[in-house]
Amino acid sequence: MIGTRALPRHRKRRRSELSSVRGAPLLAGIGCLLALLVPAALGIGAVAIAPSEVLAIAASHLGFELNGLAFAPRQEAVLLAIRVPRVLLALLVGGTLGASGAAVQALFRNPLADPALIGTASGAALAAALVIVLVPPPPVDAPQWLRLAALPLAAFVGSSLATATVYRLGSRAATATLLLAGIAVNALAGAATGLLSFLANDAQLRSLVFWSLGSLGGATWQGLGAAAPGLLATLVALPFLASPLNALLLGEAEARHLGVDVERLKRRVVLLSALGVGAAVSIGGVIGFVGLVVPHLIRLAVGPDHRIVIPGSIALGAALLLGADLLARTVVAPAELPIGIVTALAGAPFFLWLLPRSGSTRGAVG
Amino acid sequence: MLAAHELTVRAGQATLLSAVSIAVVPGQVLAVVGPNGAGKSTLLRALAGDVATAGGDVRLAGRPLGRWRPVELARARAVVLQHAGLDFDFTALDVALLGRAPHSGVLRHTRDIAIAAAALAACGAAHLRGRAYPTLSGGERQRVQLARALAQIWDVRPDAPRYLLLDEPTAALDLAHQHHVLQKLLEWAQRGTGVLVVLHDLNLAAAYADRVLVLRAGRSVACGPPAEALTAAVVEVAFDIRVALVDAPGLSRALIVPQPAVRPTRHGASSEAHRR
């Protein structure tokens with residue numbers, strides 16, 4: 001057979017030649033980070049809960065006693081009603097934003113794309129604002145699911161429309177066009193949201209501000225339940241698109257020649273990122289830069305192979321958002337900083353640092 | 001056989017190809033030449049299955065392209081287009097490995113890595129394998145893309161179809177690598193691959209192709225072995241430029257040398273020249 005004659009004998013090659021080989025240590029490292037952050041996030045706050053007490057509470061709910069470990073009923077209440085949903089939400093939203101960012105960057109074949117920059121998040125926020133301000137609250141006897149699902153659903157529709165618009169305008173063009181399209185859609189959504197805030201009453205206004213700055217403070221089990229399907233769908237489905245996304249980076253025609261169904265892939269990425277980001281925005285407001293920063297950090301460490309980048313972005317996004325949320329609620333305790341501010345304060349300088357560097361990796365001619 | 005029959009391709013009002021019939025035969029190198037806008041790239045893309053046809057059809061092994069599943073098609077034919085950029089830091093080995101995508105599942109096999117490495121070596125790019133692709137020069141990238149295509153059809157069964165379609169693979173290559181690449185394509189053809197290569201350099205086409213298709217304005221002007229298809233008369237009609245076929249000692253075939261009407265002069269005198 002033509003190939004076998006020419007194959008060299010397999011030998012150990014330098015690890016750096018295959019960019020995905022460094023994936024396992026990275027994921028392990030992020031796992032350790034999470035193992036530190038989760039107990040910290042569960043324990044730190046107005047009511048302090050030590051890790052041992054967390055364990056004791058968990059044990060008692062699983063039905064057995066741990067000797068010597070006691071906890072106060074107040075701690076149990078706070079842990080279960082406030083801390084756990086909030087930590088879970090931070091992990092899920094962070095992971096979703098990270099994965100969606102990686103997928104959107106592959107879709108646009110541009111490492112500077114980010115769900116927030118391309119209008120996905122502001123589209124979702126606008127849709128949520130429309131629901132808050134213009135849509136009358138459902139009657140008291142309306143089914144529970146309607147009240148819970150209206151916002152995430154609206155956010156999903158808004159994020160899909162915004163992403164599709166930016167995509168059609170910017171996918172085949174240079175970075176500048178893509179970002180300009182995103183700027184335009186962001187501006188439009190922002191203006192419309194501003195108009196709605198002009199029309200809103202005080203309570204509605206407060207909710208609107210919440211959307212634009214982002215906060216995980218309102219995390220409840222019910223809210224988590226409403227957003228979880230969208231978040232989980234994205235988290236579970238995106239890693240399976242890793243191989244075709246690798247091929248897509250070469251170009252749409254090239255990916256097609258490699259056997260990838262490009263149209264179906266593009267639809268799936270748009271749908272999944274809109275779904276995930278829409279769900280994230282519906283419960284957490286606009287949280288920017290996670291989708292941009294996290295995939296870059298992963299790529300810097302292990303290269304652009306999506307088979308590592310997507311799971312890595314999920315893990316690192318979860319860890320970073322959890323850390324940011326911890327910071328947001330401790331740094332000006334007892335008040336809480338909106339988490340969108342924390343991620344923007346950290347993310348924007350990083351983005352500024354990134355811009356000239358990303359230009360310099362383009363190859364020279366000749 | 002990968003064959004186009006009475007192929008017509010339109011884009012809006014313009015007709016890019018008009019009733020062109022050509023076949024890529026396993027074991028042969030077919031060179032497609034023609035002036036800019038003649039339809040060479042369109043023909044290649046139509047054979048690759050990228051463009052909708054307004055008339056005629058393209059068949060691979062007797063089956064219309066539309067009836068092939070994309071993955072099956074990807075295992076039978078590899079395409080190298082004139083390449084757009086890649087903004088992500090894949091290494092050259094990673095890019096070559098992408099050629100194995102139609103064959104591998106989610107996990108990467110050791111064998112795929114070995115094939116990608118061998119493909120890079122075959123294209124004279126083995127020393128580039130750890131380099132980040134965006135840092136490579138245009139010519140180096142072309143060689144890596146060729147390696148990717150070779151990896152894609154590396155281990156096809158002897159009785160299965162295998163085709164390579166290349167759009168100006170020598171465009172950014174230096175003199176030595178131009179010949180190295182074409183020599184490699186010739187070797188692959190001799191071992192059973194059907195090779196179609198779009199070229200600008202007529203002498204390269206004459207030297208390496210078994211058959212040459214000359215296009216002009218979407219139509220076939222000549223098709224056949226280089227001695228028949230690349231005569232001075234054909235070239236003049238197709239390219240709007242006079243050429244002379246020049247024999248030189250040590251050359252196995254005549255060189256096609258352009259004879260432009262206006263000869264450049266260094267002395268700033270009137271540049272009206274005589275036509276020879």
# chains A, B, ... in the order shown; residues from 1 in each chain; ligands from 1
$ residues_around --residues "segment 282-294 of chain A" --least-positions-apart "2" --cutoff "6 Å" --atoms "only C-alpha atoms" --output "count of residues only"
22
$ select_by_dssp --residues "segment 14-178 of chain B" --states "strand (DSSP E)" --output "JSON, numbers by chain"
{"B": [14, 15, 16, 17, 18, 19, 20, 21, 22, 23, 24, 29, 30, 31, 32, 33, 55, 56, 57, 58, 59, 60, 63, 64, 77, 78, 79, 80, 163, 164, 165, 166, 167]}
$ interface_residues --of "chain B" --to "chain A" --cutoff "6 Å" --atoms "only C-alpha atoms" --output "VMD selection string"
chain B and resid 70 to 71 74 102 118 130 134 to 138 154 to 155
$ select_by_dssp --residues "segment 117-340 of chain A" --states "alpha helix (DSSP H)" --output "ChimeraX atom specification"
/A:120-134,144-170,175-199,202-213,221-237,242-248,252-257,262-284,290-302,306-330,339-340
$ closest_residue --among "A:Leu265, A:Ile132, A:Ile82, A:Leu92" --to "Ala227 of chain A" --atoms "only C-alpha atoms"
A:Leu92
$ residues_around --residues "Ala151 of chain B" --least-positions-apart "5" --cutoff "12 Å" --atoms "only C-alpha atoms" --output "MDAnalysis selection string"
(chainID A and resid 2:3 6:7 258) or (chainID B and resid 74:80 93:104 111:123 144:146 156 162 164)
$ write_last_selection --atoms "C-alpha atoms" --output "short mmCIF file (atom, residue, chain, number, x, y, z; two decimals), in the first residue's frame"
data_model
loop_
_atom_site.label_atom_id
_atom_site.label_comp_id
_atom_site.auth_asym_id
_atom_site.auth_seq_id
_atom_site.Cartn_x
_atom_site.Cartn_y
_atom_site.Cartn_z
CA ILE A 2 1.42 3.33 -0.96
CA GLY A 3 1.57 4.80 2.50
CA ALA A 6 7.02 5.59 3.56
CA LEU A 7 6.07 5.64 7.25
CA LEU A 258 -12.35 17.47 4.73
CA ALA B 74 -13.17 13.57 1.66
CA ARG B 75 -11.56 10.13 1.77
CA ALA B 76 -11.38 9.93 -2.00
CA ARG B 77 -10.17 13.34 -3.00
CA ALA B 78 -8.06 16.04 -1.37
CA VAL B 79 -8.13 19.68 -2.43
CA VAL B 80 -5.54 22.37 -1.94
CA LEU B 93 2.17 19.11 12.29
CA ASP B 94 -1.29 19.97 13.60
CA VAL B 95 -2.29 21.33 10.21
CA ALA B 96 -1.02 18.24 8.44
CA LEU B 97 -2.89 16.15 10.99
CA LEU B 98 -6.15 17.91 10.08
CA GLY B 99 -5.90 16.04 6.80
CA ARG B 100 -6.63 12.86 8.73
CA ALA B 101 -9.95 14.27 9.96
CA PRO B 102 -12.10 12.26 7.51
CA HIS B 103 -10.49 9.09 8.75
CA SER B 104 -10.20 9.46 12.48
CA ARG B 111 -0.83 6.16 13.08
CA ASP B 112 -2.46 9.44 12.04
CA ILE B 113 0.41 11.32 13.63
CA ALA B 114 2.94 9.16 11.82
CA ILE B 115 1.16 9.73 8.51
CA ALA B 116 1.04 13.49 9.06
CA ALA B 117 4.73 13.54 9.85
CA ALA B 118 5.56 11.48 6.80
CA ALA B 119 3.44 13.75 4.62
CA LEU B 120 5.33 16.78 5.90
CA ALA B 121 8.60 15.06 5.12
CA ALA B 122 7.41 14.22 1.61
CA CYS B 123 6.80 17.92 0.97
CA VAL B 144 2.27 22.35 4.73
CA GLN B 145 -1.13 22.54 3.02
CA LEU B 146 0.08 20.07 0.42
CA VAL B 156 -6.49 4.60 0.50
CA ARG B 162 -7.82 8.73 -5.04
CA LEU B 164 -5.57 15.39 -5.71
#
$ closest_residue --among "B:Leu30, B:Leu245, B:Leu128, B:His177" --to "Ala189 of chain B" --atoms "only C-alpha atoms"
B:Leu30
$ atom_distance --atom1 "atom CA of Gly158 of chain A" --atom2 "atom CA of Asn201 of chain A"
22.4 Å
$ residues_around --residues "Thr193 of chain B" --least-positions-apart "4" --cutoff "9 Å" --atoms "only C-alpha atoms" --output "list in words"
Val25, Pro26, Gly27, Gln28, Val29, Pro161, Arg162, Tyr163, Leu164, Leu185, Glu187, Trp188 and Ala189 of chain B
$ residues_around --residues "Leu26 of chain A" --least-positions-apart "6" --cutoff "10 Å" --atoms "only C-alpha atoms" --output "list in words"
Cys32, Ile298, Ala301, Val302, Ile308, Gly312, Ala315 and Leu316 of chain A
$ residues_around --residues "Glu336 of chain A" --least-positions-apart "6" --cutoff "10 Å" --atoms "only C-alpha atoms" --output "list in words"
Ser215, Leu216, Gly217, Asp325, Leu326, Leu327, Ala328, Arg329 and Thr330 of chain A
$ residues_around --residues "Ser207 of chain A" --least-positions-apart "2" --cutoff "10 Å" --atoms "only C-alpha atoms" --output "PyMOL selection string"
chain A and resi 128-129+132-133+197+200+202-205+209-212+285
$ write_last_selection --atoms "N, CA and C atoms" --output "short mmCIF file (atom, residue, chain, number, x, y, z; two decimals), in the first residue's frame"
data_model
loop_
_atom_site.label_atom_id
_atom_site.label_comp_id
_atom_site.auth_asym_id
_atom_site.auth_seq_id
_atom_site.Cartn_x
_atom_site.Cartn_y
_atom_site.Cartn_z
N ALA A 128 -34.54 40.64 27.37
CA ALA A 128 -34.96 40.55 28.76
C ALA A 128 -35.57 41.87 29.21
N ALA A 129 -34.97 42.98 28.76
CA ALA A 129 -35.49 44.30 29.13
C ALA A 129 -36.89 44.50 28.57
N ILE A 132 -39.20 42.69 30.80
CA ILE A 132 -39.37 43.33 32.11
C ILE A 132 -40.25 44.56 32.01
N VAL A 133 -39.99 45.39 30.99
CA VAL A 133 -40.65 46.70 30.97
C VAL A 133 -42.00 46.66 30.25
N SER A 197 -35.33 51.89 29.55
CA SER A 197 -35.11 52.34 30.93
C SER A 197 -35.72 53.72 31.14
N ALA A 200 -39.22 53.01 32.02
CA ALA A 200 -39.47 52.07 33.11
C ALA A 200 -39.78 52.77 34.41
N ASP A 202 -39.47 52.57 38.77
CA ASP A 202 -38.28 52.36 39.59
C ASP A 202 -37.88 50.90 39.71
N ALA A 203 -38.87 50.06 39.97
CA ALA A 203 -38.54 48.65 40.16
C ALA A 203 -37.99 48.04 38.89
N GLN A 204 -38.63 48.39 37.78
CA GLN A 204 -38.15 47.87 36.50
C GLN A 204 -36.75 48.40 36.19
N LEU A 205 -36.54 49.65 36.55
CA LEU A 205 -35.24 50.26 36.28
C LEU A 205 -34.14 49.51 37.02
N VAL A 209 -30.85 47.76 35.33
CA VAL A 209 -29.44 48.03 35.67
C VAL A 209 -28.74 46.71 35.99
N PHE A 210 -29.47 45.87 36.67
CA PHE A 210 -28.94 44.54 36.97
C PHE A 210 -28.49 43.82 35.71
N TRP A 211 -29.30 43.88 34.69
CA TRP A 211 -28.92 43.18 33.46
C TRP A 211 -27.62 43.70 32.89
N SER A 212 -27.48 44.98 32.88
CA SER A 212 -26.33 45.51 32.16
C SER A 212 -25.03 45.36 32.94
N GLY A 285 -27.39 38.47 34.02
CA GLY A 285 -27.10 39.73 33.39
C GLY A 285 -25.91 39.61 32.45
#
$ atom_distance --atom1 "atom CA of Ala228 of chain A" --atom2 "atom CA of Leu107 of chain A"
24.2 Å
$ closest_residue --among "B:Leu175, B:Ala206, B:Ala38, B:Ala23" --to "Ala61 of chain B" --atoms "only C-alpha atoms"
B:Ala23
$ decode --residues "segment 319-357 of chain A" --atoms "N, CA and C atoms" --output "PDB file, in the first residue's frame"
ATOM      1  N   ALA A 319     -13.976  28.260  36.980  1.00  0.00           N
ATOM      2  CA  ALA A 319     -13.098  28.665  38.082  1.00  0.00           C
ATOM      3  C   ALA A 319     -12.980  30.184  38.163  1.00  0.00           C
ATOM      4  N   LEU A 320     -12.775  30.819  37.009  1.00  0.00           N
ATOM      5  CA  LEU A 320     -12.590  32.265  37.023  1.00  0.00           C
ATOM      6  C   LEU A 320     -13.836  33.004  37.482  1.00  0.00           C
ATOM      7  N   LEU A 321     -14.983  32.539  37.003  1.00  0.00           N
ATOM      8  CA  LEU A 321     -16.201  33.252  37.391  1.00  0.00           C
ATOM      9  C   LEU A 321     -16.482  33.047  38.881  1.00  0.00           C
ATOM     10  N   LEU A 322     -16.191  31.847  39.357  1.00  0.00           N
ATOM     11  CA  LEU A 322     -16.384  31.601  40.788  1.00  0.00           C
ATOM     12  C   LEU A 322     -15.473  32.519  41.600  1.00  0.00           C
ATOM     13  N   GLY A 323     -14.231  32.631  41.147  1.00  0.00           N
ATOM     14  CA  GLY A 323     -13.300  33.526  41.819  1.00  0.00           C
ATOM     15  C   GLY A 323     -13.752  34.977  41.743  1.00  0.00           C
ATOM     16  N   ALA A 324     -14.238  35.369  40.560  1.00  0.00           N
ATOM     17  CA  ALA A 324     -14.692  36.749  40.405  1.00  0.00           C
ATOM     18  C   ALA A 324     -15.903  37.029  41.299  1.00  0.00           C
ATOM     19  N   ASP A 325     -16.794  36.051  41.389  1.00  0.00           N
ATOM     20  CA  ASP A 325     -17.971  36.235  42.228  1.00  0.00           C
ATOM     21  C   ASP A 325     -17.581  36.344  43.696  1.00  0.00           C
ATOM     22  N   LEU A 326     -16.618  35.539  44.099  1.00  0.00           N
ATOM     23  CA  LEU A 326     -16.126  35.607  45.473  1.00  0.00           C
ATOM     24  C   LEU A 326     -15.582  36.999  45.755  1.00  0.00           C
ATOM     25  N   LEU A 327     -14.803  37.491  44.824  1.00  0.00           N
ATOM     26  CA  LEU A 327     -14.244  38.835  44.939  1.00  0.00           C
ATOM     27  C   LEU A 327     -15.357  39.872  44.987  1.00  0.00           C
ATOM     28  N   ALA A 328     -16.341  39.693  44.112  1.00  0.00           N
ATOM     29  CA  ALA A 328     -17.406  40.692  44.000  1.00  0.00           C
ATOM     30  C   ALA A 328     -18.173  40.829  45.309  1.00  0.00           C
ATOM     31  N   ARG A 329     -18.327  39.740  46.021  1.00  0.00           N
ATOM     32  CA  ARG A 329     -19.135  39.856  47.228  1.00  0.00           C
ATOM     33  C   ARG A 329     -18.328  39.994  48.503  1.00  0.00           C
ATOM     34  N   THR A 330     -17.006  39.993  48.396  1.00  0.00           N
ATOM     35  CA  THR A 330     -16.224  40.191  49.619  1.00  0.00           C
ATOM     36  C   THR A 330     -15.488  41.526  49.637  1.00  0.00           C
ATOM     37  N   VAL A 331     -15.159  42.047  48.480  1.00  0.00           N
ATOM     38  CA  VAL A 331     -14.265  43.198  48.450  1.00  0.00           C
ATOM     39  C   VAL A 331     -14.904  44.474  49.027  1.00  0.00           C
ATOM     40  N   VAL A 332     -16.217  44.594  48.873  1.00  0.00           N
ATOM     41  CA  VAL A 332     -16.881  45.743  49.494  1.00  0.00           C
ATOM     42  C   VAL A 332     -17.987  45.272  50.430  1.00  0.00           C
ATOM     43  N   ALA A 333     -17.719  44.141  51.089  1.00  0.00           N
ATOM     44  CA  ALA A 333     -18.715  43.571  52.002  1.00  0.00           C
ATOM     45  C   ALA A 333     -19.168  44.616  53.011  1.00  0.00           C
ATOM     46  N   PRO A 334     -20.432  44.662  53.411  1.00  0.00           N
ATOM     47  CA  PRO A 334     -21.493  43.723  53.029  1.00  0.00           C
ATOM     48  C   PRO A 334     -22.172  44.014  51.707  1.00  0.00           C
ATOM     49  N   ALA A 335     -21.742  45.043  50.993  1.00  0.00           N
ATOM     50  CA  ALA A 335     -22.346  45.271  49.675  1.00  0.00           C
ATOM     51  C   ALA A 335     -21.717  44.321  48.666  1.00  0.00           C
ATOM     52  N   GLU A 336     -22.296  44.279  47.478  1.00  0.00           N
ATOM     53  CA  GLU A 336     -21.757  43.416  46.441  1.00  0.00           C
ATOM     54  C   GLU A 336     -21.487  44.221  45.187  1.00  0.00           C
ATOM     55  N   LEU A 337     -20.305  44.036  44.635  1.00  0.00           N
ATOM     56  CA  LEU A 337     -20.027  44.628  43.340  1.00  0.00           C
ATOM     57  C   LEU A 337     -20.723  43.807  42.264  1.00  0.00           C
ATOM     58  N   PRO A 338     -21.285  44.459  41.263  1.00  0.00           N
ATOM     59  CA  PRO A 338     -21.800  43.647  40.148  1.00  0.00           C
ATOM     60  C   PRO A 338     -20.640  42.885  39.507  1.00  0.00           C
ATOM     61  N   ILE A 339     -20.873  41.614  39.224  1.00  0.00           N
ATOM     62  CA  ILE A 339     -19.756  40.774  38.760  1.00  0.00           C
ATOM     63  C   ILE A 339     -19.262  41.203  37.386  1.00  0.00           C
ATOM     64  N   GLY A 340     -20.177  41.792  36.598  1.00  0.00           N
ATOM     65  CA  GLY A 340     -19.762  42.281  35.296  1.00  0.00           C
ATOM     66  C   GLY A 340     -18.656  43.310  35.415  1.00  0.00           C
ATOM     67  N   ILE A 341     -18.654  44.077  36.491  1.00  0.00           N
ATOM     68  CA  ILE A 341     -17.606  45.084  36.705  1.00  0.00           C
ATOM     69  C   ILE A 341     -16.286  44.395  36.982  1.00  0.00           C
ATOM     70  N   VAL A 342     -16.340  43.358  37.809  1.00  0.00           N
ATOM     71  CA  VAL A 342     -15.094  42.649  38.135  1.00  0.00           C
ATOM     72  C   VAL A 342     -14.484  42.035  36.874  1.00  0.00           C
ATOM     73  N   THR A 343     -15.311  41.370  36.082  1.00  0.00           N
ATOM     74  CA  THR A 343     -14.747  40.722  34.880  1.00  0.00           C
ATOM     75  C   THR A 343     -14.273  41.764  33.883  1.00  0.00           C
ATOM     76  N   ALA A 344     -14.971  42.890  33.797  1.00  0.00           N
ATOM     77  CA  ALA A 344     -14.538  43.927  32.855  1.00  0.00           C
ATOM     78  C   ALA A 344     -13.247  44.576  33.333  1.00  0.00           C
ATOM     79  N   LEU A 345     -13.140  44.838  34.629  1.00  0.00           N
ATOM     80  CA  LEU A 345     -11.925  45.454  35.145  1.00  0.00           C
ATOM     81  C   LEU A 345     -10.711  44.569  34.928  1.00  0.00           C
ATOM     82  N   ALA A 346     -10.906  43.266  35.030  1.00  0.00           N
ATOM     83  CA  ALA A 346      -9.792  42.355  34.778  1.00  0.00           C
ATOM     84  C   ALA A 346      -9.634  42.092  33.293  1.00  0.00           C
ATOM     85  N   GLY A 347     -10.756  41.972  32.594  1.00  0.00           N
ATOM     86  CA  GLY A 347     -10.722  41.530  31.195  1.00  0.00           C
ATOM     87  C   GLY A 347     -10.298  42.598  30.210  1.00  0.00           C
ATOM     88  N   ALA A 348     -10.744  43.834  30.418  1.00  0.00           N
ATOM     89  CA  ALA A 348     -10.451  44.879  29.439  1.00  0.00           C
ATOM     90  C   ALA A 348      -8.957  45.152  29.303  1.00  0.00           C
ATOM     91  N   PRO A 349      -8.221  45.299  30.408  1.00  0.00           N
ATOM     92  CA  PRO A 349      -6.784  45.487  30.248  1.00  0.00           C
ATOM     93  C   PRO A 349      -6.136  44.309  29.528  1.00  0.00           C
ATOM     94  N   PHE A 350      -6.606  43.126  29.815  1.00  0.00           N
ATOM     95  CA  PHE A 350      -6.072  41.947  29.125  1.00  0.00           C
ATOM     96  C   PHE A 350      -6.318  42.038  27.632  1.00  0.00           C
ATOM     97  N   PHE A 351      -7.503  42.465  27.263  1.00  0.00           N
ATOM     98  CA  PHE A 351      -7.854  42.600  25.861  1.00  0.00           C
ATOM     99  C   PHE A 351      -6.959  43.628  25.180  1.00  0.00           C
ATOM    100  N   LEU A 352      -6.697  44.734  25.889  1.00  0.00           N
ATOM    101  CA  LEU A 352      -5.821  45.756  25.329  1.00  0.00           C
ATOM    102  C   LEU A 352      -4.407  45.213  25.130  1.00  0.00           C
ATOM    103  N   TRP A 353      -3.980  44.419  26.071  1.00  0.00           N
ATOM    104  CA  TRP A 353      -2.652  43.809  25.950  1.00  0.00           C
ATOM    105  C   TRP A 353      -2.623  42.821  24.789  1.00  0.00           C
ATOM    106  N   LEU A 354      -3.771  42.173  24.555  1.00  0.00           N
ATOM    107  CA  LEU A 354      -3.860  41.108  23.559  1.00  0.00           C
ATOM    108  C   LEU A 354      -3.843  41.623  22.133  1.00  0.00           C
ATOM    109  N   LEU A 355      -4.467  42.758  21.878  1.00  0.00           N
ATOM    110  CA  LEU A 355      -4.666  43.244  20.510  1.00  0.00           C
ATOM    111  C   LEU A 355      -3.386  43.337  19.698  1.00  0.00           C
ATOM    112  N   PRO A 356      -2.362  44.023  20.169  1.00  0.00           N
ATOM    113  CA  PRO A 356      -1.151  44.086  19.340  1.00  0.00           C
ATOM    114  C   PRO A 356      -0.474  42.735  19.231  1.00  0.00           C
ATOM    115  N   ARG A 357      -0.580  41.895  20.237  1.00  0.00           N
ATOM    116  CA  ARG A 357       0.073  40.598  20.170  1.00  0.00           C
ATOM    117  C   ARG A 357      -0.600  39.704  19.147  1.00  0.00           C
TER     118      ARG A 357
END
